[in-house]
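Below: the structure, in structure tokens.
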Amino acid sequence: MKIFFLIAVLLLSVLGKSQDTLFFMNGKDMLVKYKDTTDLKVVYNKKGKDKSSYVENIFAVGTSKGRIYFYKQDTVVGDDYSIEQMEQYQIGLRLAKKNFNTDLTAGVATVTGLASAYFLKSGFYGWLPVLGYTGLTGTLNPKISKLKLSENERANEFLIYGYIDGANRKKIRRTALAGTVGFVAGVIITGSLPE
């Protein structure tokens, strides 16, 4: 089911107004007009402006003529992903970004930030519980049984690796942000900044 999302993005890039899709190594994608590749950079046009990104940050670009892959498997490293394995990993990253729910951890982080500002009243050091909670949530992988994936997707180990990495990245980012917002709100409410 989730792979249909990726297929839809690819179809839009082919059928749309000559839009290409730039797939970044971090799991993000962007609709652009692909122009050229230099030695170190991929050049593209976005909203009428020419921009570029380093080749090592780009996995592939989907054009109307097909995909152009920039990712290269490092054959010196024995366990480096092949292009096909990295493609599945990238799909996992994108699926996690789209449908992994972090509301509970973000809510607890906000409460942790508020509580630490209220109880510790020690300026910057009151933020340490938020930092500790963010680190703790980052070390706990989501349970595979609770992931919103089909059976075929669960059977693909590289997609699962990507999904877990993407879920952890999203969880850490949202937890740190929510905890910091909670801490700052707590500091403002309690007036606990040192004089």
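Labeling convention for the structure tokens: chains A, B, ... as they appear, residues from 1 per chain, ligands from 1 in order of appearance.
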Exercise for the section: Extract, using only C-alpha atoms, all DNA, RNA and protein residues at most 6 Å from Thr102 in chain A, discarding same-chain residues fewer than 2 positions from it, and format them as a list in words. Expected result: Leu104, Thr105 and Lys171 of chain A
Nearby residues (only C-alpha atoms) at most 7 Å from Val32 in chain A, same-chain spacing under 2 positions excluded, as a CSV table (one decimal) with N, CA and C atoms, in the first residue's frame:
```csv
chain,number,residue,atom,x,y,z
A,19,GLN,N,8.3,17.9,-14.5
A,19,GLN,CA,9.0,17.9,-13.2
A,19,GLN,C,9.8,16.6,-13.0
A,20,ASP,N,10.9,16.8,-12.4
A,20,ASP,CA,11.7,15.6,-12.0
A,20,ASP,C,11.7,15.5,-10.5
A,21,THR,N,12.0,14.4,-9.9
A,21,THR,CA,12.0,14.2,-8.5
A,21,THR,C,13.5,13.9,-8.0
A,22,LEU,N,14.0,14.7,-7.1
A,22,LEU,CA,15.3,14.6,-6.6
A,22,LEU,C,15.1,13.8,-5.3
A,30,MET,N,12.2,16.0,-3.5
A,30,MET,CA,11.9,17.4,-3.9
A,30,MET,C,11.5,17.4,-5.4
A,34,TYR,N,15.5,18.9,-13.3
A,34,TYR,CA,16.9,18.4,-13.3
A,34,TYR,C,17.6,19.1,-14.5
A,44,TYR,N,20.0,21.7,-10.5
A,44,TYR,CA,18.6,21.7,-10.7
A,44,TYR,C,17.9,23.0,-10.6
A,45,ASN,N,16.7,23.1,-11.1
A,45,ASN,CA,16.0,24.4,-11.0
A,45,ASN,C,14.7,24.2,-10.2
A,46,LYS,N,14.6,25.0,-9.2
A,46,LYS,CA,13.4,25.0,-8.3
A,46,LYS,C,12.8,26.4,-8.2
```
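Shortest separation to Asn101 in chain A among A:Lys65, A:Lys170, A:Lys33, A:Lys49 occurs at residue A:Lys170, atoms counted being only C-alpha atoms.
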Exercise for the section: Determine the nearest neighbour of Ile144 in chain A from the options A:Tyr89, A:Asn26, A:Ile164, A:Trp127, counting only C-alpha atoms. Expected result: A:Ile164
Would you give me, as a Markdown table, each residue of range 58-120 of chain A having an atom within 6 Å of an atom of range 175-195 of chain A, along with its shortest atom pair and that distance in Å to one decimal, using only C-alpha atoms and sorting by chain and residue number?
```
| residue | atom | partner | partner_atom | distance |
| --- | --- | --- | --- | --- |
| A:Ala106 | CA | A:Thr175 | CA | 4.7 |
| A:Ala109 | CA | A:Gly179 | CA | 4.3 |
| A:Thr110 | CA | A:Gly182 | CA | 4.3 |
| A:Gly113 | CA | A:Phe183 | CA | 3.8 |
| A:Leu114 | CA | A:Gly186 | CA | 4.5 |
| A:Ala117 | CA | A:Gly186 | CA | 5.1 |
```
Problem - strand (DSSP E) call set, DSSP backbone run, range 31-194 of chain A, as a list in words - result: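 Filtering range 31-194 of chain A down to strand (DSSP E) leaves Leu31, Val32, Lys33, Tyr34, Lys35, Asp36, Thr37, Lys41, Val42, Val43, Tyr44, Asn45, Lys46, Lys49, Asp50, Lys51, Ser52, Ser53, Tyr54, Ile58, Phe59, Ala60, Val61, Gly62, Thr63, Gly66, Arg67, Ile68 and Tyr69 of chain A.
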Completion exercise
In Å and to one decimal, CA of Tyr161 in chain A is distant from CA of Gln88 in chain A by 9.0 Å
Would you mind listing what lies within 12 Å of range 155-158 of chain A as a compact mmCIF listing (two decimals) with N, CA and C atoms, in the first residue's frame, with only C-alpha atoms counted and same-chain residues fewer than 3 positions away left out?
```
# COMPACT_ATOMS: atom_id res chain seq x y z
N ASP A 80 28.35 -2.76 2.51
CA ASP A 80 27.71 -1.56 1.97
C ASP A 80 26.55 -1.97 1.07
N TYR A 81 25.46 -1.22 1.12
CA TYR A 81 24.25 -1.57 0.37
C TYR A 81 24.46 -1.43 -1.14
N SER A 82 23.86 -2.36 -1.88
CA SER A 82 23.81 -2.23 -3.34
C SER A 82 22.77 -1.15 -3.67
N ILE A 83 22.68 -0.78 -4.94
CA ILE A 83 21.69 0.23 -5.34
C ILE A 83 20.28 -0.25 -5.04
N GLU A 84 19.98 -1.52 -5.31
CA GLU A 84 18.65 -2.07 -5.06
C GLU A 84 18.32 -2.09 -3.57
N GLN A 85 19.31 -2.46 -2.75
CA GLN A 85 19.10 -2.48 -1.30
C GLN A 85 18.92 -1.06 -0.76
N MET A 86 19.71 -0.11 -1.27
CA MET A 86 19.59 1.27 -0.82
C MET A 86 18.26 1.86 -1.26
N GLU A 87 17.77 1.44 -2.41
CA GLU A 87 16.45 1.91 -2.87
C GLU A 87 15.37 1.48 -1.89
N GLN A 88 15.42 0.24 -1.42
CA GLN A 88 14.45 -0.25 -0.43
C GLN A 88 14.62 0.49 0.89
N TYR A 89 15.85 0.73 1.30
CA TYR A 89 16.13 1.49 2.51
C TYR A 89 15.53 2.89 2.42
N GLN A 90 15.70 3.53 1.25
CA GLN A 90 15.15 4.87 1.02
C GLN A 90 13.62 4.87 1.10
N ILE A 91 12.99 3.84 0.56
CA ILE A 91 11.53 3.73 0.65
C ILE A 91 11.12 3.64 2.11
N GLY A 92 11.85 2.87 2.91
CA GLY A 92 11.58 2.78 4.34
C GLY A 92 11.69 4.11 5.04
N LEU A 93 12.74 4.88 4.72
CA LEU A 93 12.90 6.22 5.30
C LEU A 93 11.70 7.09 4.99
N ILE A 144 8.52 -3.71 15.51
CA ILE A 144 8.17 -4.01 14.13
C ILE A 144 6.71 -4.40 14.01
N SER A 145 6.18 -5.07 15.01
CA SER A 145 4.77 -5.50 14.95
C SER A 145 3.81 -4.32 14.95
N LEU A 149 2.85 -1.24 8.16
CA LEU A 149 3.41 -1.80 6.93
C LEU A 149 2.66 -3.06 6.54
N SER A 150 2.65 -3.32 5.24
CA SER A 150 2.03 -4.56 4.75
C SER A 150 2.96 -5.74 5.03
N GLU A 151 2.47 -6.95 4.84
CA GLU A 151 3.30 -8.14 5.07
C GLU A 151 4.50 -8.17 4.12
N ASN A 152 4.29 -7.78 2.87
CA ASN A 152 5.39 -7.75 1.90
C ASN A 152 6.47 -6.75 2.34
N TYR A 161 14.93 -1.70 7.83
CA TYR A 161 16.06 -0.92 8.36
C TYR A 161 15.84 0.57 8.11
N GLY A 162 15.42 0.90 6.90
CA GLY A 162 15.16 2.30 6.56
C GLY A 162 14.02 2.87 7.38
N TYR A 163 12.96 2.07 7.56
CA TYR A 163 11.81 2.54 8.33
C TYR A 163 12.22 2.80 9.78
N ILE A 164 12.97 1.89 10.37
CA ILE A 164 13.39 2.07 11.76
C ILE A 164 14.31 3.28 11.90
N ASP A 165 15.25 3.45 10.98
CA ASP A 165 16.13 4.63 11.02
C ASP A 165 15.32 5.92 10.85
```
Practice task
To one decimal in Å, tell me the separation between CA of Asp39 in chain A and CA of Glu56 in chain A.
Solution key: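 Distance reported for this atom pair: 10.9 Å.
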Fill in the blank from the handout: Separating CA of Ser53 in chain A from CA of Gln73 in chain A, to the nearest tenth of an Å, is a gap of 19.4 Å
Exercise for the section: Would you return as a PyMOL selection string the members of range 126-186 of chain A that DSSP assigns to alpha helix (DSSP H) on this structure's backbone? Expected result: chain A and resi 128-139+151-155+157-186
Fill in the blank from the handout: For Phe23 in chain A, the closest of A:Ala60, A:Asp50, A:Asn141, A:Val42 counting only C-alpha atoms is A:Ala60
